[in-house]
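In what follows, a single structure is set out as structure tokens and then discussed.
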Amino acid sequence: MPVEPPVIVSTDPMSFPHSVLRDRHPAIVERVRGAYPYPPEVPLRLERLLQEDVVAPLAGGAHDAAAWAEWGAGMFGRSWYDVPFLFAENFFYRRLLEAVGYYEPGAWQGVDPFGPQKAADLPGAEELAELDALQERPEEEQAAGLVAAALWGNRADLGFRLVAGDLQRVDDLIVDDSKRLWSLAQGGPAVLVADNAGRELLPDLVLIDFLLRTGRASRVELHVKPAPYFVSDALTADVLAELRRFPAGSAVGGRLDAALRDGTLRLHTEDFYCAPLTFHDAPDGLAARFAAAELTILKGDLNYRRLVGDRSWPATTSFEEVTGYFPGPVAALRTVKSDVVVGLSAGAEGALPASWRTGGAFALVQVRA
Ligand SMILES: O=P(O)(O)OC[C@@]1(O)O[C@H](CO)[C@@H](O)[C@@H]1O
């Protein structure tokens, strides 16, 4: 295991994490404020959250107050910018749910503050038809097309797009281990840890259908978030909304529906997925699920940070070594949208433009068998 560099914080005003806290979080709050005609205390609480300069704990009485008190030990009373970036982001989303009363018993309980944004981003008929048509192509082509779609979809996360402007196609795969990815899918159980709903989840579902239909996986577990998170992250409700988009008669939609009903496709979630932790701290039950899988596919930027650790790794750090702890073979499919990157060959970074880590134009497929 390489020596661990420092955990990323947001202190430097020129850094990417600083810009997330300073620019992205207020933009997210603004959207949430406009999402529903909330009662007057909600915008007030949201404003208070934005104005808070030192991290305050969750109000007592929350069902998870004790867990957050433990995770936040040593963080409370410090500037949001000086605590680990991973903690600051995770706790921001938890506090946002507190501000909108997501867990408070009453009429607004369980209303997803990002629901309207996610609904507006559900795939249209054209995207569905494009992915449905892929099944007519030779299998090799389907496999390559699905990896490309899975990466392209990951660029479409709504938090990123609030600040990134128009989307373009991912330019370049800076690490492409997709052959190894396919060589690992030999017909056993697989896990896909989802990231965003909408335009990312659609290709993920089609990828799952491909794994099952071609016998590359015997069954698939799709892991989703237990609560609204990072704006567009997929919840069970988002999977169900997405499935309803497939037109009647869609072969892919029909097979996914049948797979859920017969248990070859199962949805799974746990609190860990909204905790400020990396996969090093996955609870035993979750680790056992990964260990039992022939292949775990992790989607997206945040899952990547949680896989390798949210640290300032030199880009040439070995992916194999830093992910050696992960229970079972693992593949990361991710467009690069934050500073954390490992597994590049020597000299590769020098050929990339200055904004390559955060611009979302580059992607990687990395695998550890
Ligand atoms: O995990 P995802 O959806 O691919 O990306 C999440 C993201 O947009 O949010 C974080 C910054 O807030 C970064 O990890 C990344 O830029």
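All residue names refer to the structure tokens as shown: chains lettered A, B, ... in order, residues numbered from 1 in each chain, ligands numbered from 1 in order.
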
(message) Just want the residues within 10 Å of ligand 1, written as a PyMOL selection string, counting only C-alpha atoms and all ligand atoms.
(response) chain A and resi 16-17+19-21+24-25+85-86+88-90+151+153-164+194-197+200+229-234+298-306+310+333-340+357-360

(request) Tell me, in Å to one decimal, how far CA of Lys225 (chain A) is from CA of Pro329 (chain A). (result)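 Computing it gives 21.7 Å between the two atoms.
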
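Taking CA of Pro228 (chain A) and CA of Leu97 (chain A) as endpoints, the distance between them is 7.8 Å.
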
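Proximity to Val29 (chain A) was assessed for A:Glu98, A:Asp281, A:Glu41, A:Glu47 counting only C-alpha atoms; the smallest distance is recorded for A:Glu47.
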
Within 12 Å of region 50-62 of chain A: each region 67-117 of chain A residue with its shortest pair, only C-alpha atoms, as CSV:
```
residue,atom,partner,partner_atom,distance
A:Ala67,CA,A:Ala62,CA,9.9
A:Trp68,CA,A:Leu58,CA,7.4
A:Ala69,CA,A:Pro57,CA,6.9
A:Glu70,CA,A:Pro57,CA,10.3
A:Trp71,CA,A:Pro57,CA,10.4
A:Gly72,CA,A:Pro57,CA,7.6
A:Ala73,CA,A:Pro57,CA,9.5
A:Gly74,CA,A:Val55,CA,10.2
A:Met75,CA,A:Val55,CA,6.8
A:Phe76,CA,A:Val55,CA,4.9
A:Gly77,CA,A:Val54,CA,5.1
A:Arg78,CA,A:Val54,CA,4.9
A:Ser79,CA,A:Val54,CA,4.3
A:Trp80,CA,A:Val55,CA,5.7
A:Tyr81,CA,A:Asp53,CA,8.7
A:Asp82,CA,A:Val54,CA,9.4
A:Val83,CA,A:Val55,CA,8.8
A:Pro84,CA,A:Val55,CA,11.7
A:Phe87,CA,A:Val55,CA,10.5
A:Ala88,CA,A:Val55,CA,8.4
A:Glu89,CA,A:Val55,CA,11.5
A:Phe91,CA,A:Val55,CA,9.0
A:Phe92,CA,A:Leu50,CA,9.3
A:Tyr93,CA,A:Leu58,CA,11.6
A:Arg94,CA,A:Leu58,CA,8.5
A:Arg95,CA,A:Leu58,CA,7.0
A:Leu96,CA,A:Leu50,CA,9.6
A:Leu97,CA,A:Leu58,CA,10.5
A:Glu98,CA,A:Leu58,CA,7.8
A:Ala99,CA,A:Leu58,CA,10.1
A:Gly101,CA,A:Ala62,CA,10.5
A:Tyr102,CA,A:Ala62,CA,10.7
A:Tyr103,CA,A:Ala62,CA,7.9
A:Glu104,CA,A:Ala62,CA,8.4
A:Pro105,CA,A:Ala62,CA,10.8
```

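With only C-alpha atoms as the atoms that count, the minimum distance from Asp112 (chain A) to the choices A:Ala144, A:Ala227, A:Leu344, A:Ala190 is reached by A:Ala227.
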
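Among the candidate residues A:Ile174, A:Ile297, A:Ala282, A:Val220, the one lying nearest to Leu260 (chain A) is A:Val220, with distances computed using only C-alpha atoms.
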
Among region 187-239 of chain A, which residues does DSSP mark as alpha helix (DSSP H) when it is run on the backbone? Keep the chain and numbering as in the structure and answer as a PDB file with C-alpha atoms, in the first residue's frame.
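The resulting file, part-v8.pdb, is shown below:
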```
ATOM      1  CA  LEU A 201     -29.299   5.428 -14.740  1.00  0.00           C
ATOM      2  CA  LEU A 202     -30.810   4.625 -18.128  1.00  0.00           C
ATOM      3  CA  PRO A 203     -27.573   3.229 -19.629  1.00  0.00           C
ATOM      4  CA  ASP A 204     -26.874   1.524 -16.285  1.00  0.00           C
ATOM      5  CA  LEU A 205     -30.177  -0.325 -16.570  1.00  0.00           C
ATOM      6  CA  VAL A 206     -29.453  -1.274 -20.163  1.00  0.00           C
ATOM      7  CA  LEU A 207     -26.014  -2.485 -19.058  1.00  0.00           C
ATOM      8  CA  ILE A 208     -27.659  -4.649 -16.392  1.00  0.00           C
ATOM      9  CA  ASP A 209     -30.029  -6.059 -19.003  1.00  0.00           C
ATOM     10  CA  PHE A 210     -27.025  -6.858 -21.221  1.00  0.00           C
ATOM     11  CA  LEU A 211     -25.195  -8.621 -18.367  1.00  0.00           C
ATOM     12  CA  LEU A 212     -28.236 -10.775 -17.617  1.00  0.00           C
ATOM     13  CA  ARG A 213     -29.403 -11.357 -21.196  1.00  0.00           C
ATOM     14  CA  THR A 236     -35.466   3.371  -5.454  1.00  0.00           C
ATOM     15  CA  ALA A 237     -38.208   5.804  -6.554  1.00  0.00           C
ATOM     16  CA  ASP A 238     -35.944   7.071  -9.339  1.00  0.00           C
ATOM     17  CA  VAL A 239     -35.300   3.542 -10.609  1.00  0.00           C
TER      18      VAL A 239
END
```

(message) Please list as a list in words every residue within 8 Å of Thr323 (chain A), counting only C-alpha atoms and excluding residues in the same chain fewer than 2 positions away.
(response)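 The filter keeps Leu307, Val308, Phe319, Glu320, Glu321, Tyr325, Phe326 and Arg368 of chain A.
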
Selection file, C-alpha atoms, as a PDB file, in the first residue's frame:
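Written file, out-v2.pdb:
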```pdb
ATOM      1  CA  LEU A 307     -13.010   3.720  -3.475  1.00  0.00           C
ATOM      2  CA  VAL A 308      -9.479   5.114  -3.560  1.00  0.00           C
ATOM      3  CA  PHE A 319      -4.925   1.641  -8.791  1.00  0.00           C
ATOM      4  CA  GLU A 320      -4.333  -2.038  -7.984  1.00  0.00           C
ATOM      5  CA  GLU A 321      -2.539  -1.173  -4.755  1.00  0.00           C
ATOM      6  CA  TYR A 325      -8.442  -3.721   0.298  1.00  0.00           C
ATOM      7  CA  PHE A 326     -11.754  -3.814  -1.617  1.00  0.00           C
ATOM      8  CA  ARG A 368      -8.790  -4.547 -10.193  1.00  0.00           C
TER       9      ARG A 368
END
```

(message) Residues near Thr214 (chain A), anyone? I mean within 12 Å using only C-alpha atoms, not counting same-chain ones fewer than 5 positions away, as a list in words.
(response) Gln135, Pro138, Glu139, Glu140, Gln142, Ala143, Trp182, Ala185, Gln186, Gly187, Gly188, Val206, Leu207, Ile208, Asp209 and Arg219 of chain A

(request) Please identify all polymer residues within 8 Å of region 119-122 of chain A, counting only C-alpha atoms, omitting same-chain residues fewer than 2 positions from it, and present them as a count of residues only. (result) 9

(request) Please indicate the distance in Å from CA of Glu127 (chain A) to CA of Asp172 (chain A), rounded to one decimal place. (result)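 Interatomic distance here is 21.5 Å.
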
(message) Run DSSP on the backbone and tell me which residues of region 222-269 of chain A come out as strand (DSSP E or B); list them as a PyMOL selection string.
(response) chain A and resi 222-223+233+265-268

(message) Measuring between only C-alpha atoms, which one of A:Val100, A:Val330, A:Leu131, A:Met1 shows the shortest distance to Arg45 (chain A)?
(response)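 Of A:Val100, A:Val330, A:Leu131, A:Met1, the one nearest Arg45 (chain A) is A:Val100, counting only C-alpha atoms.
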